[in-house]
Every structure is written in C-alpha cells, then in structure tokens.
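Shown next: start.cif, containing mmCIF, C-alpha atoms.
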```cif
data_target
loop_
_atom_site.label_atom_id
_atom_site.label_comp_id
_atom_site.auth_asym_id
_atom_site.auth_seq_id
_atom_site.Cartn_x
_atom_site.Cartn_y
_atom_site.Cartn_z
CA MET T 167 0.00 0.00 0.00
CA GLU T 168 1.60 3.26 -1.14
CA LEU T 169 0.71 6.44 0.70
CA GLN T 170 0.63 9.90 -0.81
CA PRO T 171 2.84 12.49 0.93
CA ASP T 172 1.09 15.30 2.77
CA SER T 173 2.91 18.45 3.84
CA GLY T 174 -0.12 20.31 5.22
CA SER T 175 -0.21 21.66 8.75
CA PHE T 176 -1.20 19.46 11.70
CA SER T 177 -4.17 20.41 13.89
CA VAL T 178 -2.27 19.83 17.15
CA ASP T 179 1.01 21.25 18.45
CA LYS T 180 3.94 19.42 20.01
CA VAL T 181 3.37 20.96 23.45
CA GLY T 182 -0.13 19.52 23.66
CA LEU T 183 1.01 16.11 22.45
CA ALA T 184 3.91 16.04 24.91
CA ALA T 185 1.61 16.86 27.83
CA LEU T 186 -0.81 14.14 26.77
CA VAL T 187 1.48 11.21 27.58
CA LYS T 188 3.57 12.93 30.26
CA ASN T 189 0.46 13.56 32.37
CA LYS T 190 -1.36 10.42 31.16
CA ASN T 191 -4.32 12.69 30.58
CA HIS T 192 -7.40 10.71 29.52
CA GLU T 193 -9.45 13.91 29.33
CA ILE T 194 -7.22 15.53 26.71
CA LEU T 195 -7.02 12.23 24.84
CA GLY T 196 -10.82 12.11 24.75
CA GLU T 197 -11.05 15.69 23.48
CA LEU T 198 -8.72 14.78 20.63
CA GLY T 199 -10.89 11.81 19.66
CA GLY T 200 -9.05 9.09 21.53
CA VAL T 201 -6.25 7.07 20.00
CA GLU T 202 -8.15 6.93 16.71
CA GLY T 203 -8.32 10.71 16.69
CA ILE T 204 -4.57 11.01 17.26
CA ILE T 205 -3.94 8.58 14.40
CA SER T 206 -6.04 10.74 12.12
CA ILE T 207 -4.51 14.02 13.30
CA LEU T 208 -0.98 12.73 12.72
CA ARG T 209 -1.96 11.29 9.33
CA THR T 210 -0.79 7.80 10.23
CA ASN T 211 -2.19 4.69 8.58
CA LEU T 212 -2.42 1.60 10.81
CA VAL T 213 -1.72 -0.68 7.86
CA ALA T 214 1.01 1.34 6.15
CA GLY T 215 2.37 3.73 8.79
CA ILE T 216 3.48 7.17 7.67
CA HIS T 217 4.57 8.00 4.12
CA GLY T 218 8.20 8.34 5.19
CA SER T 219 9.45 10.33 2.21
CA PRO T 220 12.26 12.85 2.84
CA GLN T 221 9.71 15.67 2.53
CA ASP T 222 7.32 14.00 4.97
CA LEU T 223 10.06 13.32 7.54
CA HIS T 224 11.40 16.88 7.23
CA HIS T 225 7.92 18.31 7.74
CA ARG T 226 7.30 16.20 10.84
CA ARG T 227 10.68 17.10 12.38
CA LYS T 228 10.11 20.77 11.63
CA THR T 229 6.68 20.65 13.28
CA PHE T 230 7.31 18.34 16.24
CA GLY T 231 11.09 18.24 16.65
CA ALA T 232 13.74 15.53 16.31
CA ASN T 233 14.27 12.54 18.56
CA THR T 234 17.51 13.73 20.10
CA PHE T 235 18.67 12.46 23.48
CA ARG T 236 18.72 14.95 26.34
CA LYS T 237 19.60 14.59 29.96
CA ALA T 238 20.23 17.21 32.64
CA ARG T 239 24.00 17.26 33.11
CA ILE T 240 23.78 18.83 36.54
CA HIS T 241 22.37 15.56 37.88
CA TRP T 242 25.19 13.58 36.29
CA PHE T 243 27.81 15.89 37.77
CA VAL T 244 26.28 15.68 41.24
CA ASP T 245 26.21 11.89 40.92
CA LEU T 246 29.89 11.92 39.97
CA LEU T 247 30.79 14.10 42.94
CA VAL T 248 28.98 11.72 45.25
CA SER T 249 30.60 8.67 43.66
CA ILE T 250 34.08 10.19 43.96
CA PHE T 251 33.62 11.06 47.63
CA THR T 252 32.28 7.57 48.37
CA ASP T 253 35.43 6.05 46.86
CA ILE T 254 37.60 5.04 49.83
CA ILE T 255 40.84 6.06 48.07
CA ASN T 256 39.56 9.56 47.38
CA VAL T 257 38.31 9.89 50.95
CA VAL T 258 41.74 8.86 52.29
CA ILE T 259 43.53 11.33 50.00
CA PHE T 260 41.17 14.11 51.04
CA ALA T 261 41.63 13.27 54.73
CA LEU T 262 45.43 13.24 54.36
CA SER T 263 45.43 16.59 52.57
CA MET T 264 43.35 18.12 55.33
CA TYR T 265 45.68 16.56 57.93
CA VAL T 266 48.68 18.12 56.19
CA VAL T 267 46.97 21.52 56.26
CA VAL T 268 46.14 21.31 59.97
CA SER T 269 49.47 19.78 61.06
CA GLY T 270 51.43 22.30 58.99
CA ILE T 271 49.69 25.19 60.73
CA MET T 272 50.19 23.62 64.17
CA ILE T 273 53.92 22.90 63.62
CA ASN T 274 55.06 25.91 61.59
CA GLY T 275 52.49 28.47 62.57
CA TRP T 276 49.79 30.07 60.47
CA GLU T 277 52.03 32.19 58.21
CA THR T 278 54.07 29.36 56.72
CA GLY T 279 52.14 26.25 57.76
CA TRP T 280 49.04 26.92 55.74
CA LYS T 281 51.05 27.20 52.51
CA GLU T 282 52.41 23.65 52.61
CA GLY T 283 49.04 22.21 53.51
CA THR T 284 47.22 24.27 50.92
CA TYR T 285 49.52 22.98 48.17
CA ALA T 286 48.54 19.41 49.04
CA PHE T 287 44.87 20.37 49.14
CA ILE T 288 45.10 22.11 45.75
CA ILE T 289 46.69 19.01 44.22
CA PHE T 290 43.80 16.91 45.48
CA LEU T 291 41.27 19.49 44.24
CA VAL T 292 42.79 19.51 40.74
CA PHE T 293 42.81 15.70 40.69
CA PHE T 294 39.19 15.72 41.86
CA ILE T 295 38.02 18.19 39.17
CA VAL T 296 39.92 16.51 36.34
CA SER T 297 38.54 13.09 37.35
CA SER T 298 35.00 14.46 37.45
CA ILE T 299 35.27 16.11 34.03
CA PHE T 300 36.87 13.01 32.50
CA GLU T 301 34.22 10.65 33.89
CA LEU T 302 31.43 13.03 32.90
CA GLY T 303 32.75 13.28 29.36
CA THR T 304 33.25 9.53 29.04
CA GLU T 305 29.80 8.70 30.38
CA THR T 306 28.16 11.33 28.16
CA TYR T 307 29.95 10.02 25.08
CA PHE T 308 29.09 6.36 25.60
CA GLN T 309 25.50 7.06 26.64
CA LYS T 310 24.87 9.20 23.57
CA ALA T 311 26.61 6.65 21.36
CA THR T 312 24.41 3.89 22.78
CA GLU T 313 21.24 5.91 22.25
CA VAL T 314 22.16 6.99 18.72
CA CYS T 315 23.09 3.46 17.60
CA ARG T 316 19.99 1.75 18.99
CA LEU T 317 17.70 0.39 16.29
CA VAL T 318 13.91 0.37 16.31
CA ILE T 319 11.42 -1.32 13.99
CA VAL T 320 8.89 0.98 12.35
CA LEU T 321 6.24 0.81 9.65
CA ARG T 322 6.63 3.29 6.80
CA ASN T 323 4.80 3.28 3.48
CA GLY T 324 3.61 -0.27 4.13
CA LEU T 325 7.07 -1.68 4.83
CA MET T 326 8.61 -2.78 8.13
CA GLN T 327 12.10 -1.39 8.48
CA GLN T 328 14.82 -0.86 11.05
CA ILE T 329 15.88 2.72 11.66
CA LEU T 330 18.14 4.45 14.14
CA TYR T 331 16.54 5.64 17.36
CA ASN T 332 17.21 9.29 16.55
CA LYS T 333 15.50 9.01 13.16
CA LEU T 334 12.06 8.48 14.70
CA VAL T 335 9.42 11.10 14.01
CA VAL T 336 6.01 11.86 15.48
CA GLY T 337 3.42 9.65 13.80
CA ASP T 338 5.72 6.64 13.36
CA VAL T 339 4.25 3.22 14.14
CA VAL T 340 6.78 1.35 16.27
CA TYR T 341 6.95 -2.38 17.06
CA LEU T 342 7.86 -3.33 20.63
CA LYS T 343 8.83 -6.68 22.13
CA LYS T 344 10.17 -7.96 25.45
CA GLY T 345 13.53 -6.40 26.28
CA ASP T 346 13.01 -3.26 24.19
CA LYS T 347 13.05 0.25 25.57
CA VAL T 348 10.23 2.55 24.56
CA PRO T 349 12.05 4.93 22.17
CA ALA T 350 9.68 7.90 22.53
CA ASP T 351 6.42 8.90 24.17
CA GLY T 352 3.41 7.40 22.45
CA LEU T 353 0.08 5.60 22.56
CA PHE T 354 -0.76 1.91 22.46
CA LEU T 355 -2.24 0.65 19.19
CA ASP T 356 -2.36 -3.11 19.43
CA GLY T 357 -0.60 -5.97 21.18
CA HIS T 358 -0.72 -8.78 23.69
CA SER T 359 0.06 -8.63 27.43
CA LEU T 360 2.26 -5.56 27.00
CA GLU T 361 3.82 -4.65 30.35
CA LEU T 362 6.38 -1.94 31.07
CA ASP T 363 8.85 -1.24 33.86
CA GLU T 364 8.88 2.53 34.35
CA SER T 365 11.28 2.59 37.31
CA LYS T 366 14.27 3.55 35.15
CA ILE T 367 12.68 6.84 34.03
CA THR T 368 12.32 8.23 37.57
CA GLY T 369 15.83 9.74 37.59
CA LEU T 370 16.90 7.73 40.66
CA LYS T 371 19.88 5.40 40.74
CA GLU T 372 19.20 1.76 39.93
CA GLU T 373 19.82 0.59 43.48
CA GLN T 374 17.32 3.16 44.79
CA THR T 375 14.44 2.06 42.60
CA LEU T 376 11.96 -0.77 42.76
CA PRO T 377 10.25 -2.15 39.65
CA LYS T 378 7.28 0.01 38.68
CA MET T 379 5.18 -2.19 36.47
CA GLU T 380 2.57 -0.70 34.19
CA LYS T 381 0.20 -2.75 32.04
CA VAL T 382 -0.55 -1.04 28.74
CA ASP T 383 -3.74 -1.67 26.81
CA ASN T 384 -6.68 0.21 25.30
CA SER T 385 -7.80 1.43 28.73
CA ASN T 386 -4.30 2.62 29.65
CA PRO T 387 -2.65 3.47 26.31
CA PHE T 388 0.17 5.73 27.49
CA LEU T 389 3.80 4.71 26.88
CA SER T 390 6.64 6.80 28.28
CA ALA T 391 10.06 7.05 26.64
CA GLY T 392 12.73 5.05 28.45
CA ALA T 393 10.40 2.47 29.98
CA GLU T 394 11.43 -1.16 29.42
CA VAL T 395 9.16 -3.80 27.95
CA VAL T 396 9.22 -6.65 30.46
CA ASP T 397 6.47 -8.78 28.95
CA GLY T 398 4.37 -9.13 25.84
CA HIS T 399 4.59 -7.29 22.54
CA GLY T 400 2.72 -4.59 20.70
CA THR T 401 2.70 -1.53 18.49
CA MET T 402 2.58 2.15 19.39
CA ILE T 403 2.21 5.47 17.64
CA VAL T 404 4.86 8.08 18.49
CA THR T 405 3.30 11.29 19.84
CA SER T 406 6.33 13.13 21.17
CA VAL T 407 10.08 12.99 20.49
CA GLY T 408 13.18 14.52 22.02
#
```
As structure tokens, how would this structure be written, given the file I've shared?
Amino acid sequence: MELQPDSGSFSVDKVGLAALVKNKNHEILGELGGVEGIISILRTNLVAGIHGSPQDLHHRRKTFGANTFRKARIHWFVDLLVSIFTDIINVVIFALSMYVVVSGIMINGWETGWKEGTYAFIIFLVFFIVSSIFELGTETYFQKATEVCRLVIVLRNGLMQQILYNKLVVGDVVYLKKGDKVPADGLFLDGHSLELDESKITGLKEEQTLPKMEKVDNSNPFLSAGAEVVDGHGTMIVTSVG
C-alpha cells in the first residue's frame, strides 16, 4: 500500500502532544478523539504507517522536533561528585590533605604552615576536578553513542524497516517486544500482554528504585520514553520525540 505524501499543517502542536502522555491525561485524549483521533490528526495509517518520504520526515521534524537524546548534566555531575567522595581512596587522599593543612599550621604556625598544607589540598582538588570532568565526558559520550546506535522497527509506506533511534518522528508506528526500551512517548495501538517497567525513568539510581510495572492496553494506552518492555509485545504510535 503506497501512501501519498502530505505536507499540510497538523491540527495539534507538540506541546499539547507532549503533555498528553507525560500527564497520562485521559481527558485531553478524549477531546482529541481518543487514540483513533490522534492517528487521524498525525496522518498515520495503521496498515502502512506514515509515508516516510524525505519531505514527509522533514515536515514532521520541523513541526514536532527531532528525537535527540537529552539529559540534565547537573544531575550527572552531582552523581559523579557523590561517587568520587564515596570512593575510599579519594576519601583517604582528602583526609590526608586536610591533615597536612592542619598539622602544617600547628607545627610551623599560620604564616608558613598553611602554605604547605594548601599545596597538598590544591593538588587533590585539581585531581578531583579533572577526574569528574573526564568521567562526565566519558559517560556522556558512551551514553549518547548507545542511544544513537539503537535500532527500532517501524512501519513506513507499508514496509517494516529498522531505523536508528534518533531518526524516529512523530506519527511513526513502532513495534515493541520484550527487552526493548520505549524509544519515545506514544500511545498503544495493538498488542498482547504488553507490560512496562517505568522505574528507570524516575531519575533515581538503579539501586534506589523498585520495579514500577505498568500494564498497557486500550484502557491505559500511554507509553513513556525510556520504559522497558518486560512482557508481551505490541505496536505504538509516536506522539512526542526529544
């Protein structure tokens, strides 16, 4: 089945679509005509998907944005600071540098003692900052590389195809199976026993979270980006990217 490209304007904006899944708002979904209404608004065909031509993809990215990976770096940096100070070696080095500062002042007096101790403290501080920046850069690089290289299965112009995660657009029909991560916010279309673990999208460390299972079906059609499929399989329509 070949679809005809359509570059006309959409009757819903990306802010409204983003709020729909983020807030799991059944009221807004109802006002938009339910899942069927969203399918119509986004000009998606359940049998063939979107047209998927370069013009169609450009129009959708221009209207709704691209599926780029974003994460607040401040949280990563704070996590790194905590991890460095919980490392026993770093704690020992810090304690020794503070001991040198205090003992230097006590032995040589304030005027000369603080200088020797401060030098040791500065060395530790430089080591601390460089380590933090290096780890932050390394983690950022590998996480972005992992996200960019992840493949998802979509339906475009009647054909199932694998595309890169960051090539998804609003309106895409995506196939999900056990072990997959939901690549973008969206709505449930069809499937069997689809169950998600949403604990990894809370922003907490893995050891601080408990599984947060969410069954997805026609009565609860909301799928959040980053959730992991722990059971079943199904299809979804992408409503928000980025």
Quick one: residues within 10 Å of stretch 381-398 of chain T, only C-alpha atoms counted, chain neighbours fewer than 2 positions away excluded, as a ChimeraX atom specification?
/T:186-192,195,200-201,342-368,378-379,400,402-408
Go ahead and compute the interatomic distance for atom CA of T:Glu197 and atom CA of T:Gly182, in Å to one decimal.
11.6 Å
Give me the residues within 12 Å of T:Leu198 as a PyMOL selection string, counting all atoms listed in the file and dropping any in the same chain fewer than 4 places off.
chain T and resi 177-179+182-183+186+191-194+202-208
I'd like to know which of T:Phe290, T:Arg227, T:Leu212, T:Trp276 is closest to T:Met264, using all atoms listed in the file.
T:Phe290
Distance atom CA of T:Val340-atom CA of T:Arg209, one decimal place?
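Interatomic distance, atom CA of T:Val340 to atom CA of T:Arg209: 14.9 Å.
What the PyMOL selection byres ((chain T and resi 339) around 9) matches in the given file is Thr210, Asn211, Leu212, Ala214, Gly215, Ile216, Ile319, Val320, Leu321, Arg322, Val336, Gly337, Asp338, Val340, Tyr341, Leu355, Thr401, Met402, Ile403 and Val404 of chain T.
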Interatomic distance, atom CA of T:Leu334 to atom CA of T:Lys180 (Å, one decimal):
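That distance, rounded to one decimal, is 14.6 Å.
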Matched chain/residue IDs from the PyMOL selection byres ((chain T and resi 331) around 9), as a list in words
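With the PyMOL selection byres ((chain T and resi 331) around 9) on this model, the match is Asn233, Thr234, Glu313, Val314, Cys315, Arg316, Leu317, Val318, Ile329, Leu330, Asn332, Lys333, Leu334, Pro349 and Ala350 of chain T.
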Could you please take those selected residues and save C-alpha atoms as a PDB file, in the coordinates of the input?
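Result file is selection24.pdb:
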```pdb
ATOM      1  CA  ASN T 233      14.270  12.540  18.560  1.00  0.00           C
ATOM      2  CA  THR T 234      17.510  13.730  20.100  1.00  0.00           C
ATOM      3  CA  GLU T 313      21.240   5.910  22.250  1.00  0.00           C
ATOM      4  CA  VAL T 314      22.160   6.990  18.720  1.00  0.00           C
ATOM      5  CA  CYS T 315      23.090   3.460  17.600  1.00  0.00           C
ATOM      6  CA  ARG T 316      19.990   1.750  18.990  1.00  0.00           C
ATOM      7  CA  LEU T 317      17.700   0.390  16.290  1.00  0.00           C
ATOM      8  CA  VAL T 318      13.910   0.370  16.310  1.00  0.00           C
ATOM      9  CA  ILE T 329      15.880   2.720  11.660  1.00  0.00           C
ATOM     10  CA  LEU T 330      18.140   4.450  14.140  1.00  0.00           C
ATOM     11  CA  ASN T 332      17.210   9.290  16.550  1.00  0.00           C
ATOM     12  CA  LYS T 333      15.500   9.010  13.160  1.00  0.00           C
ATOM     13  CA  LEU T 334      12.060   8.480  14.700  1.00  0.00           C
ATOM     14  CA  PRO T 349      12.050   4.930  22.170  1.00  0.00           C
ATOM     15  CA  ALA T 350       9.680   7.900  22.530  1.00  0.00           C
TER      16      ALA T 350
END
```
Would you mind telling me which residue in T:Ser175, T:Gly270, T:Ala184, T:Gly199 lies nearest to T:Arg226 when using only C-alpha atoms?
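Selected residue with least distance to T:Arg226: T:Ser175.
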Counting only C-alpha atoms, which of T:Val181, T:Val335, T:Val213, T:Val268 gets nearest to T:Asn323?
T:Val213
Written as a PyMOL selection string, what is the full residue list that the PyMOL selection byres ((chain T and resi 287) around 8) yields on the file shown?
chain T and resi 260+263-264+267+283-286+288-291
